[in-house]
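Below is protein_27.pdb, holding PDB, C-alpha atoms, pLDDT in the B column.
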ATOM      1  CA  ARG U   1      15.665   8.102   3.243  1.00 63.00           C
ATOM      2  CA  ASN U   2      11.913   7.822   3.632  1.00 72.00           C
ATOM      3  CA  VAL U   3       9.745   6.333   0.912  1.00 78.00           C
ATOM      4  CA  GLY U   4       7.769   9.098  -0.788  1.00 82.00           C
ATOM      5  CA  VAL U   5       4.568   8.959  -2.817  1.00 86.00           C
ATOM      6  CA  ASP U   6       6.568   9.164  -6.054  1.00 89.00           C
ATOM      7  CA  ASP U   7       8.476   6.043  -4.947  1.00 92.00           C
ATOM      8  CA  VAL U   8       5.213   4.220  -4.268  1.00 92.00           C
ATOM      9  CA  ARG U   9       3.829   5.176  -7.688  1.00 93.00           C
ATOM     10  CA  PHE U  10       7.088   3.945  -9.255  1.00 96.00           C
ATOM     11  CA  ILE U  11       6.613   0.570  -7.536  1.00 96.00           C
ATOM     12  CA  ARG U  12       2.935   0.466  -8.577  1.00 96.00           C
ATOM     13  CA  ASN U  13       3.843   1.236 -12.188  1.00 97.00           C
ATOM     14  CA  ASN U  14       6.446  -1.531 -12.196  1.00 97.00           C
ATOM     15  CA  PHE U  15       3.922  -4.081 -10.922  1.00 95.00           C
ATOM     16  CA  GLU U  16       1.645  -3.084 -13.782  1.00 96.00           C
ATOM     17  CA  GLU U  17       4.446  -3.125 -16.351  1.00 97.00           C
ATOM     18  CA  VAL U  18       5.352  -6.720 -15.461  1.00 95.00           C
ATOM     19  CA  ARG U  19       1.648  -7.631 -15.186  1.00 91.00           C
ATOM     20  CA  GLN U  20       1.566  -8.615 -11.500  1.00 88.00           C
ATOM     21  CA  SER U  21      -1.279  -8.249  -9.034  1.00 86.00           C
ATOM     22  CA  TYR U  22      -0.865  -5.808  -6.153  1.00 89.00           C
ATOM     23  CA  GLN U  23      -2.698  -3.918  -3.442  1.00 92.00           C
ATOM     24  CA  ILE U  24      -1.259  -0.620  -2.201  1.00 94.00           C
ATOM     25  CA  THR U  25      -2.904   1.789   0.211  1.00 93.00           C
ATOM     26  CA  LEU U  26      -1.510   5.175   1.188  1.00 90.00           C
ATOM     27  CA  TYR U  27      -3.094   6.497   4.368  1.00 88.00           C
ATOM     28  CA  LYS U  28      -3.705  10.206   4.871  1.00 83.00           C
ATOM     29  CA  ALA U  29      -1.986  11.701   7.922  1.00 80.00           C
ATOM     30  CA  ALA U  30       0.261   8.683   8.410  1.00 84.00           C
ATOM     31  CA  PRO U  31       3.767   9.951   9.206  1.00 84.00           C
ATOM     32  CA  HIS U  32       6.894   7.820   9.086  1.00 83.00           C
ATOM     33  CA  GLY U  33       6.653   5.347  11.978  1.00 86.00           C
ATOM     34  CA  TRP U  34       2.856   5.436  12.209  1.00 89.00           C
ATOM     35  CA  MET U  35       2.692   1.738  13.188  1.00 91.00           C
ATOM     36  CA  ASP U  36       5.239   2.057  16.016  1.00 93.00           C
ATOM     37  CA  SER U  37       3.311   2.150  19.289  1.00 94.00           C
ATOM     38  CA  THR U  38       6.498   3.090  21.169  1.00 95.00           C
ATOM     39  CA  ILE U  39       6.419   6.552  19.539  1.00 93.00           C
ATOM     40  CA  PRO U  40       3.134   8.050  20.787  1.00 93.00           C
ATOM     41  CA  GLU U  41       3.412  11.236  18.698  1.00 93.00           C
ATOM     42  CA  ARG U  42       3.626   9.202  15.473  1.00 92.00           C
ATOM     43  CA  PHE U  43       1.523   6.145  16.292  1.00 94.00           C
ATOM     44  CA  ARG U  44      -1.878   6.073  14.559  1.00 94.00           C
ATOM     45  CA  PRO U  45      -3.784   3.133  16.123  1.00 95.00           C
ATOM     46  CA  GLU U  46      -6.832   3.354  13.813  1.00 93.00           C
ATOM     47  CA  ILE U  47      -4.666   3.327  10.701  1.00 93.00           C
ATOM     48  CA  ALA U  48      -2.447   0.575  12.123  1.00 93.00           C
ATOM     49  CA  GLU U  49      -5.474  -1.625  12.805  1.00 95.00           C
ATOM     50  CA  ALA U  50      -7.002  -0.958   9.375  1.00 93.00           C
ATOM     51  CA  SER U  51      -3.733  -1.682   7.581  1.00 92.00           C
ATOM     52  CA  PHE U  52      -3.150  -4.886   9.534  1.00 93.00           C
ATOM     53  CA  THR U  53      -6.681  -6.076   8.712  1.00 95.00           C
ATOM     54  CA  GLU U  54      -6.103  -5.208   5.041  1.00 92.00           C
ATOM     55  CA  LEU U  55      -2.748  -7.019   4.988  1.00 91.00           C
ATOM     56  CA  ALA U  56      -4.204 -10.121   6.663  1.00 92.00           C
ATOM     57  CA  ALA U  57      -7.056 -10.240   4.116  1.00 90.00           C
ATOM     58  CA  PHE U  58      -4.639  -9.795   1.210  1.00 85.00           C
ATOM     59  CA  LEU U  59      -2.379 -12.601   2.462  1.00 86.00           C
ATOM     60  CA  GLU U  60      -5.335 -14.864   3.178  1.00 85.00           C
ATOM     61  CA  ASP U  61      -6.677 -14.342  -0.331  1.00 81.00           C
ATOM     62  CA  HIS U  62      -3.332 -14.771  -2.074  1.00 77.00           C
ATOM     63  CA  LEU U  63      -2.104 -17.692   0.006  1.00 80.00           C
ATOM     64  CA  ARG U  64      -5.368 -19.592  -0.444  1.00 79.00           C
ATOM     65  CA  ASN U  65      -5.632 -18.581  -4.111  1.00 70.00           C
ATOM     66  CA  PRO U  66      -2.062 -17.854  -5.203  1.00 65.00           C
ATOM     67  CA  GLN U  67      -3.003 -18.019  -8.869  1.00 68.00           C
ATOM     68  CA  PRO U  68      -5.946 -15.869  -9.920  1.00 63.00           C
ATOM     69  CA  PRO U  69      -8.078 -17.176 -12.757  1.00 67.00           C
ATOM     70  CA  ARG U  70      -6.250 -17.246 -16.073  1.00 69.00           C
ATOM     71  CA  ASN U  71      -5.685 -13.773 -17.502  1.00 76.00           C
ATOM     72  CA  GLU U  72      -6.895 -12.019 -14.338  1.00 81.00           C
ATOM     73  CA  LEU U  73      -4.881  -9.324 -12.618  1.00 84.00           C
ATOM     74  CA  ARG U  74      -5.813  -7.750  -9.298  1.00 84.00           C
ATOM     75  CA  TRP U  75      -4.674  -4.134  -9.157  1.00 89.00           C
ATOM     76  CA  ARG U  76      -5.758  -2.022  -6.211  1.00 91.00           C
ATOM     77  CA  TYR U  77      -4.214   1.374  -5.451  1.00 93.00           C
ATOM     78  CA  SER U  78      -5.826   3.686  -2.937  1.00 91.00           C
ATOM     79  CA  SER U  79      -4.462   7.028  -1.825  1.00 88.00           C
ATOM     80  CA  THR U  80      -5.803  10.080  -0.058  1.00 82.00           C
ATOM     81  CA  GLN U  81      -3.451  13.035   0.221  1.00 77.00           C
ATOM     82  CA  SER U  82      -3.463  16.799   0.199  1.00 73.00           C
ATOM     83  CA  ARG U  83      -3.266  18.626  -3.132  1.00 74.00           C
ATOM     84  CA  ASP U  84      -0.445  20.586  -1.488  1.00 72.00           C
ATOM     85  CA  TYR U  85       1.562  17.448  -0.690  1.00 68.00           C
ATOM     86  CA  ALA U  86       5.268  17.808  -1.393  1.00 62.00           C
ATOM     87  CA  ASN U  87       7.055  14.541  -2.128  1.00 61.00           C
ATOM     88  CA  VAL U  88       9.746  15.119   0.489  1.00 51.00           C
ATOM     89  CA  THR U  89      12.171  12.251   1.042  1.00 45.00           C
TER      90      THR U  89
END
Rewrite the coordinates I just gave you, this time as structure tokens.
Amino acid sequence: RNVGVDDVRFIRNNFEEVRQSYQITLYKAAPHGWMDSTIPERFRPEIAEASFTELAAFLEDHLRNPQPPRNELRWRYSSTQSRDYANVT
């Protein structure tokens, strides 16, 4: 089963409920397998590069500063999708 947008929002909501920092980005036009360069019809090199850069920055920030200042949460959720999107799993 693929992970749908509703699943991602469920995860996001749980991070917020337990008061944990997170960063989630949903990329428009990114089909299942979009990072797999061995599947040319699905691979999206621009999105793959952007997501890798974002992941590296997130890990750098959180590994160097694993504890944000007291009482600070870092919540970042970014999504671009069609209004007609159907949450198909």
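Straight-line separation from CA of Phe15 (chain U) to CA of Asp84 (chain U): 26.8 Å.
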Point to revise | Explicit residue set for the PyMOL selection byres ((chain U and resi 25) around 9), as a ChimeraX atom specification | key: /U:23-24,26-27,51,76-80
May I have the residues from that selection written out with C-alpha atoms, as a PDB file, in the coordinates of the input?
ATOM      1  CA  GLN U  23      -2.698  -3.918  -3.442  1.00 92.00           C
ATOM      2  CA  ILE U  24      -1.259  -0.620  -2.201  1.00 94.00           C
ATOM      3  CA  LEU U  26      -1.510   5.175   1.188  1.00 90.00           C
ATOM      4  CA  TYR U  27      -3.094   6.497   4.368  1.00 88.00           C
ATOM      5  CA  SER U  51      -3.733  -1.682   7.581  1.00 92.00           C
ATOM      6  CA  ARG U  76      -5.758  -2.022  -6.211  1.00 91.00           C
ATOM      7  CA  TYR U  77      -4.214   1.374  -5.451  1.00 93.00           C
ATOM      8  CA  SER U  78      -5.826   3.686  -2.937  1.00 91.00           C
ATOM      9  CA  SER U  79      -4.462   7.028  -1.825  1.00 88.00           C
ATOM     10  CA  THR U  80      -5.803  10.080  -0.058  1.00 82.00           C
TER      11      THR U  80
END
Review point. What is the distance between CA of Val5 (chain U) and CA of Ala29 (chain U), in Å to one decimal?
Key: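 Value for the CA of Val5 (chain U)-CA of Ala29 (chain U) distance: 12.9 Å.
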Exercise for review: For CA of Val18 (chain U) and CA of His32 (chain U), quote the distance in Å rounded to one decimal.
Suggested key: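 These two atoms are separated by 28.6 Å.
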Check your understanding: Can you find the residues with an atom no farther than 12 Å from (-2.0, -2.3, 7.7), counting all atoms listed in the file, and report them as a count of residues only?
Key -> 25
